[in-house]
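Data block below; observations after.
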Amino acid sequence: MKRILKISLLVVTMQAAWAQETPKWQGKFEQLDQILPTPNEYRSGSGAPGPKYWQQKADYVINVELNDENQSVTGSETITYHNNSPDVLRYLWLQLDQNKLAEGNMTQKTRATTLRDSVDAKTAGSTYNLYDFDGGFKIKSVKDAGGKELPHLVNYTMMRIDLPQPLNPGQKYTFSIDWSYNINDGVRVRERTQFEYFPEDGNYSYVIAQWFPRMCVYDDYEGWQNKQFLGQGEFALPFGDYKVKITVPADHIVGATGQLKNAEAVLSKEQVDRLNKAKTSFDKPVIIATQQEAVQREKTKLKEKKTWEFQAENVRDFAFATSRKFIWDAQAVKIGSKTPLAMSFYPKEGNPLWEKESTKAVKNAIEVYSRMTIDYPYPVAISVHAAHQGMEYPMICFNYGRPAKDGTYTPAVRKGMIGVIVHEVGHNFFPMIINNDERQTTWMDEGVNTFVQLVTEIERYPDVDFDRGKPAALVPYMKGDRTTMRPLMINSEQVIQFGNEQYAKAGTGLFMLRETIMGRELFDKAFKEYANRWAFKHPKPADFFRTMEDASAVDLDWFWKGWFYTTDVCDQSIDQVKWFKMRKEETDPEKKNLKVKQGDLNADGSEKKFDNFNNGPEPFSLTNTDPRMYGEFRSTIDDKAIMQKLDNKNIYEVTLSNKGGLVMPVIIQWTYKDGSKEIERIPAEIWRINETKVTKVFVKDKEVTNIVIDPYQEVTDINAQDNTFPKTASSKFDDFKKKN
Ligand SMILES: [Zn+2]
């Protein structure tokens with residue numbers, strides 16, 4: 001009883017001392033359950049879809065005509081909407097993305113703009129909306145299956161259709177919309193979809209997307225996702241099957257989401273043969289439409305029309321590209337039991353770069369992404385060359401990277417082009433298959449995709465210095481202006497540093513999880529689990545956070561909290577290192593130093609400076625165990641054996657600070673007198689008791705000459721100057737500068 005009392009008294013004194021030296025506890029290792037939504041039967045606590053998970057389905061039959069004379073689109077669609085929810089629906093919401101360019105659009109109204117003493121005409125034109133562009137959907141009719149007009153209401157980029165009868169759970173509803181719109185010229189009005197005009201031959205190339213009224217997502221999480229499209233936040237779309245007929249000038253070549261169903265009707269006999277040859281060409285692309293043929297078509301400019309028919313199953317969207325300028329190549333890729341075609345469409349202005357690199361990059365992307373997530377399930381994966389574009393849709397994406405007029409290109413152009421193709425093709429997985437809500441949570445597609453992009457680039461392009469997603473590359477941002485930083489868990493319309501955060505910081509977070517925090521084996525297993533659980537479904541952030549922990553036994557709540565919910569930065573420092581050696585038995589035969597305690601070791605009583613190893617080790621005494629220490633135990637330990645363990649060892653007491661706020665693992669590199677090095681990895685949990693300062697003792701056989709933390713720049717430490725001991729001359733000089 002007495003002894004217990006004594007102990008609790010000791011605890012109290014320790015706590016008092018603690019409270020004085022410990023800054024406010026911030027709960028950095030507390031669990032996230034106060035922040036995450038409560039698991040339910042739709043979404044499980046494990047991060048998997050729950051037993052009653054459901055999602056809606058929207059099937060489309062669309063006929064569209066592209067008018068090359070006035071650069072417009074005229075379409076008519078029949079949508080069959082399947083209500084798989086347990087809810088009765090009285091109205092439907094559709095997205096009218098083209099209305100972002102309509103007269104009086106919300107994007108323009110709510111955009112903050114400034115004026116300087118000098119502005120170039122191109123910037124002024126787009127910033128102050130000076131182009132006379134008649135954009136936006138012209139909705140001609142909304143009708144039910146019997147041809148009766150349906151009441152509908154347009155609210156900027158959203159359209160509500162009121163149903164004549166409530167749509168019950170398990171029912172489907174079919175209706176039709178006719179519309180048209182003018183296509184924007186990419187050089188004036190920059191969008192994810194555009195036409196480009198080539199003055200030298202008088203032709204256009206089109207990348208057509210967000211071109212038809214598309215169903216909104218209705219889900220268990222927020223009902224209708226009908227947040228307005230302002231420009232930065234992309235799309236939330238349900239899965240469905242598409243049958244699309246695209247009518248274009250007869251000499252156009254069309255690339256689109258889905259499988260071409262009438263190749264014989266739209267291609268020459270030769271082209272059909274080449275396409276068939278491509279289906280078994282695994283080592284290199286086969287040119288289906290040659291540059292020579294493309295140049296010929298540029299001149300003929302046929303007035304007749306042809307209709308290309310495509311079919312796509314289980315996709316969240318449909319896009320296409322068309323031009324008489326297109327060259328087309330394709331090759332087969334082996335993915336599990338499937339052999340999808342990697343294809344590219346590009347005008348001659350893209351060559352010679354595009355014929356060399358595009359399809360290869362498509363192949364590299366779907367191979368590596370398939371290994372990291374799920375096997376690429378679609379029949380084609382297409383990269384289309386469009387000026388200043390980097391945009392993704394199911395099975396098809398639009399990419400920049402154009403050589404100079406003489407066909408030459410710099411390594412930077414090649415790097416940019418490969419990077420954007422791998423990235424946009426990668427979007428097939430995030431968000432086209434693992435279908436997150438891009439409008440609400442951008443990092444779930446952009447950040448996750450940036451990470452797998454980097455894995456692909458490092459593996460397939462070792463000669464190119466790709467670094468977006470590597471911790472060291474993020475440091476300049478992390479060091480930057482904190483007032484413009486926003487946490488990753490924020491809606492994309494409020495983000496200022498979009499690329500640095502939703503892409504780079506989120507991607508770097510996953511890179512660090514894989515390389516530093518979890519290790520490749522655990523990370524890869526958990527990441528693949530997430531992909532498998534949520535392929536062809538709609539995951540939310542909590543589903544990702546929970547799955548990564550559920551499948552790995554790594555508690556990452558501290559990481560999600562710090563990296564995703566705050567703008568804290570990592571700045572670890574070595575504050576102090578003390579070097580000790582145990583006193584030899586013979587030097588202290590009478591054990592005079594029995595009461596020696598930590599930090600009070602100087603024989604001469606003077607305070608010693610520990611800013612290098614030059615003064616040699618401090619002695620410390622290992623005393624025999626006081627019998628009272630055994631309490632109720634009758635047995636004892638062998639004091640001598642413990643002494644032998646420490647005999648002649650170099651013992652280092654290292655004090656570290658967390659100055660940035662973000663808790664991270666501590667990676668210590670020890671350099672020994674004989675020149676050898678050792679890396680020690682300490683999990684972030686070392687900060688769980690004291691979030692800002694920690695002291696730890698290390699026992700080493702060899703003498704240490706130098707200690708560095710984060711030697712490989714793995715944790716985005718924003719100040720490496722305080723990461724070494726002894727301090728280098730330059731860091732001392734920096735300290736001096738700071739003080740003066
Ligand atoms: Zn992207």
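By order of appearance in the structure tokens: chains A, B, ..., then residues from 1 within every chain, and ligands from 1 in the order shown.
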
Give the residue list for ligand 1 at 12 Å, counting only C-alpha atoms and all ligand atoms, as a CSV table (one decimal) with all heavy atoms, in the first residue's frame, sorted by chain and then by residue number.
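The resulting part.csv:
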chain,number,residue,atom,x,y,z
A,192,ARG,N,-12.2,21.9,-71.1
A,192,ARG,CA,-11.8,20.5,-71.2
A,192,ARG,C,-12.1,19.9,-72.6
A,192,ARG,O,-11.8,18.8,-72.9
A,192,ARG,CB,-12.4,19.7,-70.1
A,192,ARG,CG,-11.9,20.1,-68.7
A,192,ARG,CD,-12.8,19.4,-67.7
A,192,ARG,NE,-12.3,19.7,-66.3
A,192,ARG,CZ,-12.5,20.8,-65.7
A,192,ARG,NH1,-13.2,21.8,-66.2
A,192,ARG,NH2,-12.0,21.0,-64.5
A,232,GLN,N,-13.6,24.2,-61.6
A,232,GLN,CA,-12.5,23.5,-61.0
A,232,GLN,C,-12.9,22.1,-60.6
A,232,GLN,O,-12.2,21.1,-60.8
A,232,GLN,CB,-11.9,24.3,-59.9
A,232,GLN,CG,-10.5,23.8,-59.5
A,232,GLN,CD,-9.6,24.9,-58.8
A,232,GLN,OE1,-8.8,25.5,-59.5
A,232,GLN,NE2,-9.8,25.1,-57.6
A,233,GLY,N,-14.0,22.0,-59.9
A,233,GLY,CA,-14.5,20.7,-59.5
A,233,GLY,C,-15.1,19.9,-60.7
A,233,GLY,O,-16.0,20.4,-61.3
A,234,GLU,N,-14.5,18.7,-60.9
A,234,GLU,CA,-15.0,18.0,-62.1
A,234,GLU,C,-16.3,17.3,-61.8
A,234,GLU,O,-17.2,17.8,-61.3
A,234,GLU,CB,-13.9,17.1,-62.6
A,234,GLU,CG,-12.7,18.0,-63.1
A,234,GLU,CD,-11.6,17.2,-63.7
A,234,GLU,OE1,-11.2,16.2,-63.1
A,234,GLU,OE2,-11.0,17.7,-64.7
A,235,PHE,N,-16.4,16.0,-62.1
A,235,PHE,CA,-17.7,15.4,-62.3
A,235,PHE,C,-18.0,14.3,-61.3
A,235,PHE,O,-17.1,13.6,-60.8
A,235,PHE,CB,-17.8,14.9,-63.7
A,235,PHE,CG,-17.4,16.0,-64.7
A,235,PHE,CD1,-16.2,15.8,-65.4
A,235,PHE,CD2,-18.0,17.2,-64.8
A,235,PHE,CE1,-15.7,16.8,-66.2
A,235,PHE,CE2,-17.6,18.2,-65.6
A,235,PHE,CZ,-16.4,18.0,-66.4
A,389,GLN,N,-4.2,20.4,-73.9
A,389,GLN,CA,-5.2,19.7,-73.2
A,389,GLN,C,-4.5,18.6,-72.4
A,389,GLN,O,-3.5,18.1,-72.7
A,389,GLN,CB,-6.1,18.9,-74.3
A,389,GLN,CG,-7.1,19.8,-75.0
A,389,GLN,CD,-8.3,20.0,-74.2
A,389,GLN,OE1,-8.5,19.4,-73.1
A,389,GLN,NE2,-9.2,20.9,-74.6
A,390,GLY,N,-5.2,18.3,-71.3
A,390,GLY,CA,-4.8,17.2,-70.5
A,390,GLY,C,-6.1,16.8,-69.8
A,390,GLY,O,-6.4,17.3,-68.7
A,391,MET,N,-6.9,16.0,-70.4
A,391,MET,CA,-8.2,15.7,-69.9
A,391,MET,C,-8.7,14.3,-70.2
A,391,MET,O,-8.4,13.7,-71.3
A,391,MET,CB,-9.2,16.7,-70.4
A,391,MET,CG,-10.6,16.6,-69.8
A,391,MET,SD,-10.5,16.8,-67.9
A,391,MET,CE,-12.0,16.0,-67.4
A,392,GLU,N,-9.4,13.7,-69.2
A,392,GLU,CA,-9.7,12.3,-69.2
A,392,GLU,C,-11.2,12.0,-69.3
A,392,GLU,O,-12.0,12.7,-68.7
A,392,GLU,CB,-9.1,11.6,-68.0
A,392,GLU,CG,-9.8,12.0,-66.7
A,392,GLU,CD,-9.4,13.3,-66.1
A,392,GLU,OE1,-8.7,14.1,-66.7
A,392,GLU,OE2,-9.9,13.6,-64.9
A,393,TYR,N,-11.5,10.9,-70.0
A,393,TYR,CA,-12.8,10.3,-70.1
A,393,TYR,C,-12.7,8.8,-70.2
A,393,TYR,O,-11.5,8.4,-70.4
A,393,TYR,CB,-13.6,10.9,-71.2
A,393,TYR,CG,-13.7,12.5,-71.1
A,393,TYR,CD1,-12.8,13.3,-71.7
A,393,TYR,CD2,-14.7,13.0,-70.3
A,393,TYR,CE1,-12.9,14.7,-71.5
A,393,TYR,CE2,-14.8,14.4,-70.1
A,393,TYR,CZ,-13.9,15.2,-70.7
A,393,TYR,OH,-13.9,16.6,-70.4
A,397,CYS,N,-8.6,9.9,-73.8
A,397,CYS,CA,-8.2,11.2,-73.1
A,397,CYS,C,-7.5,12.0,-74.1
A,397,CYS,O,-7.0,11.6,-75.2
A,397,CYS,CB,-7.3,10.9,-71.9
A,397,CYS,SG,-5.8,9.8,-72.3
A,398,PHE,N,-7.4,13.3,-73.8
A,398,PHE,CA,-6.9,14.4,-74.7
A,398,PHE,C,-5.6,14.9,-74.1
A,398,PHE,O,-5.6,15.3,-73.0
A,398,PHE,CB,-7.9,15.5,-74.9
A,398,PHE,CG,-9.3,15.0,-75.1
A,398,PHE,CD1,-10.4,15.8,-74.6
A,398,PHE,CD2,-9.6,13.9,-75.9
A,398,PHE,CE1,-11.7,15.3,-74.9
A,398,PHE,CE2,-10.9,13.4,-76.1
A,398,PHE,CZ,-11.9,14.2,-75.6
A,399,ASN,N,-4.5,15.0,-74.9
A,399,ASN,CA,-3.2,15.3,-74.3
A,399,ASN,C,-2.4,16.3,-75.1
A,399,ASN,O,-2.4,16.3,-76.4
A,399,ASN,CB,-2.4,14.0,-74.1
A,399,ASN,CG,-3.1,13.0,-73.3
A,399,ASN,OD1,-3.5,13.2,-72.2
A,399,ASN,ND2,-3.4,11.8,-73.9
A,419,GLY,N,4.3,12.3,-69.5
A,419,GLY,CA,3.7,12.5,-68.1
A,419,GLY,C,2.2,12.7,-68.2
A,419,GLY,O,1.4,12.1,-67.5
A,420,VAL,N,1.7,13.6,-69.2
A,420,VAL,CA,0.3,13.8,-69.3
A,420,VAL,C,-0.5,12.6,-69.8
A,420,VAL,O,-1.6,12.3,-69.3
A,420,VAL,CB,0.0,15.1,-70.1
A,420,VAL,CG1,0.2,14.9,-71.6
A,420,VAL,CG2,-1.4,15.6,-69.8
A,421,ILE,N,0.1,11.9,-70.7
A,421,ILE,CA,-0.6,10.7,-71.2
A,421,ILE,C,-0.7,9.6,-70.1
A,421,ILE,O,-1.8,9.1,-69.9
A,421,ILE,CB,0.2,10.1,-72.5
A,421,ILE,CG1,0.1,11.1,-73.6
A,421,ILE,CG2,-0.5,8.7,-72.9
A,421,ILE,CD1,0.8,10.7,-74.9
A,422,VAL,N,0.4,9.3,-69.4
A,422,VAL,CA,0.3,8.4,-68.3
A,422,VAL,C,-0.8,8.8,-67.3
A,422,VAL,O,-1.6,8.0,-66.9
A,422,VAL,CB,1.7,8.2,-67.6
A,422,VAL,CG1,1.6,7.3,-66.4
A,422,VAL,CG2,2.7,7.5,-68.6
A,423,HIS,N,-0.7,10.1,-67.0
A,423,HIS,CA,-1.7,10.6,-66.0
A,423,HIS,C,-3.2,10.5,-66.5
A,423,HIS,O,-4.0,9.9,-65.8
A,423,HIS,CB,-1.4,12.1,-65.8
A,423,HIS,CG,-2.3,12.8,-64.8
A,423,HIS,ND1,-2.1,12.8,-63.5
A,423,HIS,CD2,-3.5,13.3,-65.0
A,423,HIS,CE1,-3.1,13.5,-62.9
A,423,HIS,NE2,-4.0,13.8,-63.8
A,424,GLU,N,-3.4,10.9,-67.7
A,424,GLU,CA,-4.8,10.9,-68.2
A,424,GLU,C,-5.3,9.5,-68.5
A,424,GLU,O,-6.5,9.2,-68.2
A,424,GLU,CB,-5.0,11.8,-69.5
A,424,GLU,CG,-4.5,13.2,-69.3
A,424,GLU,CD,-5.0,14.0,-68.1
A,424,GLU,OE1,-6.0,13.6,-67.5
A,424,GLU,OE2,-4.4,15.0,-67.8
A,425,VAL,N,-4.4,8.6,-69.0
A,425,VAL,CA,-4.8,7.2,-69.2
A,425,VAL,C,-5.1,6.6,-67.8
A,425,VAL,O,-6.0,5.8,-67.6
A,425,VAL,CB,-3.7,6.4,-70.0
A,425,VAL,CG1,-4.0,4.9,-70.0
A,425,VAL,CG2,-3.7,6.9,-71.4
A,426,GLY,N,-4.2,7.0,-66.9
A,426,GLY,CA,-4.4,6.5,-65.5
A,426,GLY,C,-5.7,6.9,-64.9
A,426,GLY,O,-6.3,6.1,-64.1
A,427,HIS,N,-6.3,8.0,-65.3
A,427,HIS,CA,-7.6,8.4,-64.8
A,427,HIS,C,-8.7,7.3,-65.2
A,427,HIS,O,-9.8,7.4,-64.6
A,427,HIS,CB,-8.0,9.7,-65.4
A,427,HIS,CG,-7.6,10.9,-64.6
A,427,HIS,ND1,-7.8,11.0,-63.2
A,427,HIS,CD2,-6.9,12.0,-64.9
A,427,HIS,CE1,-7.3,12.1,-62.8
A,427,HIS,NE2,-6.7,12.8,-63.8
A,428,ASN,N,-8.4,6.4,-66.1
A,428,ASN,CA,-9.4,5.4,-66.4
A,428,ASN,C,-9.7,4.6,-65.1
A,428,ASN,O,-10.8,4.1,-64.9
A,428,ASN,CB,-8.8,4.4,-67.4
A,428,ASN,CG,-9.1,4.8,-68.8
A,428,ASN,OD1,-10.3,4.9,-69.2
A,428,ASN,ND2,-8.1,5.1,-69.6
A,429,PHE,N,-8.6,4.5,-64.2
A,429,PHE,CA,-8.8,3.8,-63.0
A,429,PHE,C,-9.4,4.7,-61.9
A,429,PHE,O,-10.3,4.3,-61.2
A,429,PHE,CB,-7.5,3.2,-62.6
A,429,PHE,CG,-6.9,2.2,-63.5
A,429,PHE,CD1,-6.2,2.6,-64.7
A,429,PHE,CD2,-7.1,0.8,-63.3
A,429,PHE,CE1,-5.7,1.7,-65.6
A,429,PHE,CE2,-6.7,-0.1,-64.3
A,429,PHE,CZ,-6.0,0.3,-65.4
A,430,PHE,N,-8.9,5.9,-61.8
A,430,PHE,CA,-9.4,6.9,-60.8
A,430,PHE,C,-9.7,8.1,-61.6
A,430,PHE,O,-8.8,8.8,-62.1
A,430,PHE,CB,-8.3,7.2,-59.8
A,430,PHE,CG,-7.7,6.0,-59.1
A,430,PHE,CD1,-6.5,5.5,-59.6
A,430,PHE,CD2,-8.3,5.4,-58.0
A,430,PHE,CE1,-6.0,4.4,-59.0
A,430,PHE,CE2,-7.8,4.3,-57.4
A,430,PHE,CZ,-6.6,3.8,-57.9
A,431,PRO,N,-10.9,8.5,-61.8
A,431,PRO,CA,-12.2,8.1,-61.2
A,431,PRO,C,-13.1,7.3,-62.1
A,431,PRO,O,-14.2,7.1,-61.8
A,431,PRO,CB,-12.8,9.5,-60.9
A,431,PRO,CG,-12.5,10.2,-62.2
A,431,PRO,CD,-11.1,9.8,-62.6
A,432,MET,N,-12.6,6.9,-63.3
A,432,MET,CA,-13.6,6.3,-64.3
A,432,MET,C,-14.1,4.9,-63.8
A,432,MET,O,-15.2,4.6,-64.0
A,432,MET,CB,-13.0,6.2,-65.7
A,432,MET,CG,-12.5,7.5,-66.2
A,432,MET,SD,-13.7,8.7,-66.4
A,432,MET,CE,-12.7,10.2,-66.3
A,438,GLU,N,-15.7,13.6,-58.0
A,438,GLU,CA,-14.6,14.5,-58.3
A,438,GLU,C,-15.0,15.9,-57.8
A,438,GLU,O,-14.1,16.7,-57.4
A,438,GLU,CB,-14.3,14.6,-59.8
A,438,GLU,CG,-13.8,13.3,-60.4
A,438,GLU,CD,-13.6,13.5,-61.9
A,438,GLU,OE1,-12.6,13.9,-62.3
A,438,GLU,OE2,-14.6,13.2,-62.6
A,442,THR,N,-11.5,16.1,-54.8
A,442,THR,CA,-10.6,16.0,-56.0
A,442,THR,C,-9.4,15.1,-55.8
A,442,THR,O,-9.0,14.4,-56.7
A,442,THR,CB,-10.1,17.4,-56.4
A,442,THR,OG1,-11.3,18.2,-56.7
A,442,THR,CG2,-9.2,17.4,-57.5
A,443,TRP,N,-8.9,15.1,-54.5
A,443,TRP,CA,-7.6,14.3,-54.3
A,443,TRP,C,-7.9,12.8,-54.6
A,443,TRP,O,-6.9,12.1,-54.9
A,443,TRP,CB,-7.0,14.5,-52.9
A,443,TRP,CG,-7.9,14.1,-51.8
A,443,TRP,CD1,-8.7,14.8,-51.0
A,443,TRP,CD2,-8.0,12.7,-51.3
A,443,TRP,NE1,-9.4,14.0,-50.1
A,443,TRP,CE2,-8.9,12.8,-50.2
A,443,TRP,CE3,-7.4,11.5,-51.6
A,443,TRP,CZ2,-9.3,11.6,-49.5
A,443,TRP,CZ3,-7.7,10.4,-50.9
A,443,TRP,CH2,-8.6,10.4,-49.8
A,444,MET,N,-9.1,12.4,-54.4
A,444,MET,CA,-9.4,10.9,-54.6
A,444,MET,C,-9.1,10.5,-56.0
A,444,MET,O,-8.8,9.3,-56.2
A,444,MET,CB,-10.8,10.6,-54.2
A,444,MET,CG,-11.0,10.6,-52.7
A,444,MET,SD,-12.6,10.0,-52.2
A,444,MET,CE,-12.4,8.2,-52.3
A,445,ASP,N,-9.2,11.3,-57.0
A,445,ASP,CA,-8.8,11.0,-58.3
A,445,ASP,C,-7.5,11.6,-58.7
A,445,ASP,O,-6.5,10.9,-59.1
A,445,ASP,CB,-9.9,11.3,-59.4
A,445,ASP,CG,-10.4,12.7,-59.2
A,445,ASP,OD1,-11.2,12.9,-58.3
A,445,ASP,OD2,-10.0,13.6,-60.0
A,446,GLU,N,-7.3,12.9,-58.5
A,446,GLU,CA,-6.1,13.6,-59.0
A,446,GLU,C,-4.9,13.1,-58.1
A,446,GLU,O,-3.8,12.9,-58.7
A,446,GLU,CB,-6.2,15.1,-58.9
A,446,GLU,CG,-7.3,15.6,-59.9
A,446,GLU,CD,-7.0,15.3,-61.4
A,446,GLU,OE1,-6.0,14.7,-61.7
A,446,GLU,OE2,-7.9,15.5,-62.2
A,447,GLY,N,-5.0,13.1,-56.8
A,447,GLY,CA,-3.9,12.8,-56.0
A,447,GLY,C,-3.5,11.3,-56.1
A,447,GLY,O,-2.4,10.9,-56.2
A,448,VAL,N,-4.6,10.4,-56.0
A,448,VAL,CA,-4.3,9.0,-56.0
A,448,VAL,C,-3.7,8.7,-57.4
A,448,VAL,O,-2.8,7.9,-57.5
A,448,VAL,CB,-5.6,8.2,-55.8
A,448,VAL,CG1,-5.4,6.7,-56.0
A,448,VAL,CG2,-6.1,8.4,-54.3
A,449,ASN,N,-4.3,9.3,-58.4
A,449,ASN,CA,-3.8,9.1,-59.8
A,449,ASN,C,-2.3,9.6,-60.0
A,449,ASN,O,-1.5,9.0,-60.6
A,449,ASN,CB,-4.7,9.7,-60.8
A,449,ASN,CG,-4.3,9.5,-62.2
A,449,ASN,OD1,-3.9,8.4,-62.5
A,449,ASN,ND2,-4.4,10.4,-63.1
A,450,THR,N,-2.0,10.8,-59.4
A,450,THR,CA,-0.7,11.3,-59.5
A,450,THR,C,0.4,10.3,-58.9
A,450,THR,O,1.5,10.1,-59.4
A,450,THR,CB,-0.6,12.7,-58.8
A,450,THR,OG1,-1.4,13.6,-59.5
A,450,THR,CG2,0.8,13.2,-58.7
A,451,PHE,N,-0.1,9.6,-57.8
A,451,PHE,CA,0.8,8.6,-57.2
A,451,PHE,C,1.1,7.5,-58.1
A,451,PHE,O,2.2,7.1,-58.3
A,451,PHE,CB,0.2,8.2,-55.9
A,451,PHE,CG,0.7,6.9,-55.4
A,451,PHE,CD1,2.0,6.7,-54.9
A,451,PHE,CD2,-0.1,5.7,-55.4
A,451,PHE,CE1,2.5,5.5,-54.5
A,451,PHE,CE2,0.4,4.5,-55.0
A,451,PHE,CZ,1.7,4.4,-54.6
A,452,VAL,N,0.0,6.9,-58.7
A,452,VAL,CA,0.3,5.7,-59.5
A,452,VAL,C,1.0,6.1,-60.8
A,452,VAL,O,1.8,5.4,-61.4
A,452,VAL,CB,-1.0,4.9,-59.9
A,452,VAL,CG1,-0.7,3.6,-60.5
A,452,VAL,CG2,-1.9,4.7,-58.6
A,453,GLN,N,0.7,7.3,-61.3
A,453,GLN,CA,1.4,7.9,-62.4
A,453,GLN,C,2.9,7.9,-62.1
A,453,GLN,O,3.7,7.5,-62.9
A,453,GLN,CB,1.0,9.3,-62.6
A,453,GLN,CG,1.7,10.1,-63.7
A,453,GLN,CD,1.4,11.6,-63.7
A,453,GLN,OE1,0.5,12.0,-63.0
A,453,GLN,NE2,2.2,12.3,-64.4
A,498,PHE,N,-4.2,24.5,-56.5
A,498,PHE,CA,-4.8,23.3,-56.9
A,498,PHE,C,-3.8,22.2,-57.3
A,498,PHE,O,-3.9,21.0,-56.7
A,498,PHE,CB,-5.7,23.6,-58.2
A,498,PHE,CG,-6.8,22.6,-58.4
A,498,PHE,CD1,-7.7,22.4,-57.4
A,498,PHE,CD2,-6.9,22.0,-59.6
A,498,PHE,CE1,-8.8,21.5,-57.6
A,498,PHE,CE2,-7.9,21.1,-59.8
A,498,PHE,CZ,-8.9,20.8,-58.9
A,499,GLY,N,-2.8,22.5,-58.1
A,499,GLY,CA,-1.9,21.5,-58.5
A,499,GLY,C,-1.0,21.0,-57.4
A,499,GLY,O,-0.7,19.8,-57.2
A,502,GLN,N,-4.1,19.2,-54.4
A,502,GLN,CA,-4.9,18.1,-54.7
A,502,GLN,C,-4.2,17.0,-55.6
A,502,GLN,O,-4.5,15.9,-55.6
A,502,GLN,CB,-6.2,18.6,-55.5
A,502,GLN,CG,-7.1,19.5,-54.6
A,502,GLN,CD,-7.7,18.8,-53.4
A,502,GLN,OE1,-8.2,17.7,-53.5
A,502,GLN,NE2,-7.8,19.5,-52.3
A,503,TYR,N,-3.2,17.5,-56.3
A,503,TYR,CA,-2.4,16.5,-57.1
A,503,TYR,C,-1.1,16.1,-56.4
A,503,TYR,O,-1.0,15.0,-55.9
A,503,TYR,CB,-1.9,17.2,-58.5
A,503,TYR,CG,-3.0,17.4,-59.5
A,503,TYR,CD1,-4.0,18.3,-59.2
A,503,TYR,CD2,-3.0,16.8,-60.7
A,503,TYR,CE1,-5.0,18.6,-60.2
A,503,TYR,CE2,-4.0,17.0,-61.6
A,503,TYR,CZ,-5.0,17.9,-61.4
A,503,TYR,OH,-6.0,18.2,-62.3
A,504,ALA,N,-0.2,17.1,-56.2
A,504,ALA,CA,1.1,16.8,-55.7
A,504,ALA,C,1.1,16.4,-54.2
A,504,ALA,O,1.7,15.4,-53.9
A,504,ALA,CB,2.1,18.0,-55.9
A,507,GLY,N,-0.7,13.1,-53.9
A,507,GLY,CA,0.1,12.0,-54.5
A,507,GLY,C,1.3,11.7,-53.6
A,507,GLY,O,1.7,10.5,-53.4

- Step one, run DSSP on the backbone; step two, keep only residues of region 301-344 of chain A assigned to strand (DSSP E or B); then write them as a ChimeraX atom specification. /A:305-315,320-323,327-332,335,338,341-344

- Message: What's around Asp283 (chain A) at 9 Å? Count only C-alpha atoms, leave out sequence neighbours fewer than 6 positions away in its own chain, and write the answer as number ranges by chain.
- Response: A: 331-333

- Query: Could you state the separation of CA of Met478 (chain A) and CA of Glu691 (chain A) in Å, given to one decimal place?
  - Reply: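 CA of Glu691 (chain A) lies at a distance of 19.6 Å from CA of Met478 (chain A).
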
- Task: Name the residues in contact with region 375-382 of chain A at a cut-off of 7 Å, using only C-alpha atoms, excluding same-chain residues fewer than 3 positions from it; report them as a list in words.
- Result: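 Returned residues: Gly258, Gln259, Ile335, Gly336, Pro340, Leu341, Ala342, Met343, Ser344, Val362, Ile366, Ser370, Arg371, Met395, Ile396 and Cys397 of chain A.
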
- Query: So how many Å separate CA of Asp241 (chain A) and CA of Glu77 (chain A), to one decimal?
  - Reply: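 Calculated distance between CA of Asp241 (chain A) and CA of Glu77 (chain A) is 12.8 Å.
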
- DSSP alpha helix (DSSP H) residues within region 322-393 of chain A, as a list in words: Leu353, Trp354, Glu355, Lys356, Glu357, Ser358, Thr359, Lys360, Ala361, Val362, Lys363, Asn364, Ala365, Ile366, Glu367, Val368, Tyr369, Ser370, Arg371 and Met372 of chain A

Leu96 (chain A) surroundings by only C-alpha atoms, 8 Å radius, close-in-sequence under 2 positions cut, as a short mmCIF file (atom, residue, chain, number, x, y, z; two decimals) with N, CA and C atoms, in the first residue's frame:
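Listed below is the output, selection-v6.cif:
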data_model
loop_
_atom_site.label_atom_id
_atom_site.label_comp_id
_atom_site.auth_asym_id
_atom_site.auth_seq_id
_atom_site.Cartn_x
_atom_site.Cartn_y
_atom_site.Cartn_z
N LEU A 94 -30.09 16.48 -63.96
CA LEU A 94 -29.09 16.24 -65.00
C LEU A 94 -28.09 17.39 -65.01
N GLN A 98 -22.20 22.36 -70.50
CA GLN A 98 -21.96 23.41 -71.49
C GLN A 98 -22.46 24.78 -70.99
N ASN A 99 -23.39 24.75 -70.04
CA ASN A 99 -23.93 26.03 -69.54
C ASN A 99 -22.92 26.84 -68.73
N PHE A 137 -25.91 24.95 -73.66
CA PHE A 137 -26.87 24.05 -74.30
C PHE A 137 -28.11 24.80 -74.76
N TYR A 156 -28.67 27.18 -63.85
CA TYR A 156 -27.30 27.23 -64.35
C TYR A 156 -26.90 25.91 -65.02
N THR A 157 -25.99 25.14 -64.36
CA THR A 157 -25.48 23.93 -65.01
C THR A 157 -26.26 22.67 -64.59
N MET A 158 -27.41 22.88 -63.97
CA MET A 158 -28.21 21.73 -63.53
C MET A 158 -29.62 21.83 -64.09
N MET A 159 -30.18 20.69 -64.48
CA MET A 159 -31.55 20.67 -64.97
C MET A 159 -32.37 19.66 -64.18
N GLN A 210 -18.37 16.30 -72.33
CA GLN A 210 -19.42 17.00 -71.57
C GLN A 210 -20.44 17.57 -72.56
N PHE A 212 -23.35 16.09 -73.79
CA PHE A 212 -24.77 15.72 -73.73
C PHE A 212 -25.25 15.89 -72.30
N PRO A 213 -26.55 16.17 -72.09
CA PRO A 213 -27.07 16.24 -70.73
C PRO A 213 -26.84 14.90 -70.03
N ARG A 214 -26.11 14.95 -68.92
CA ARG A 214 -25.69 13.72 -68.23
C ARG A 214 -26.37 13.62 -66.87
#
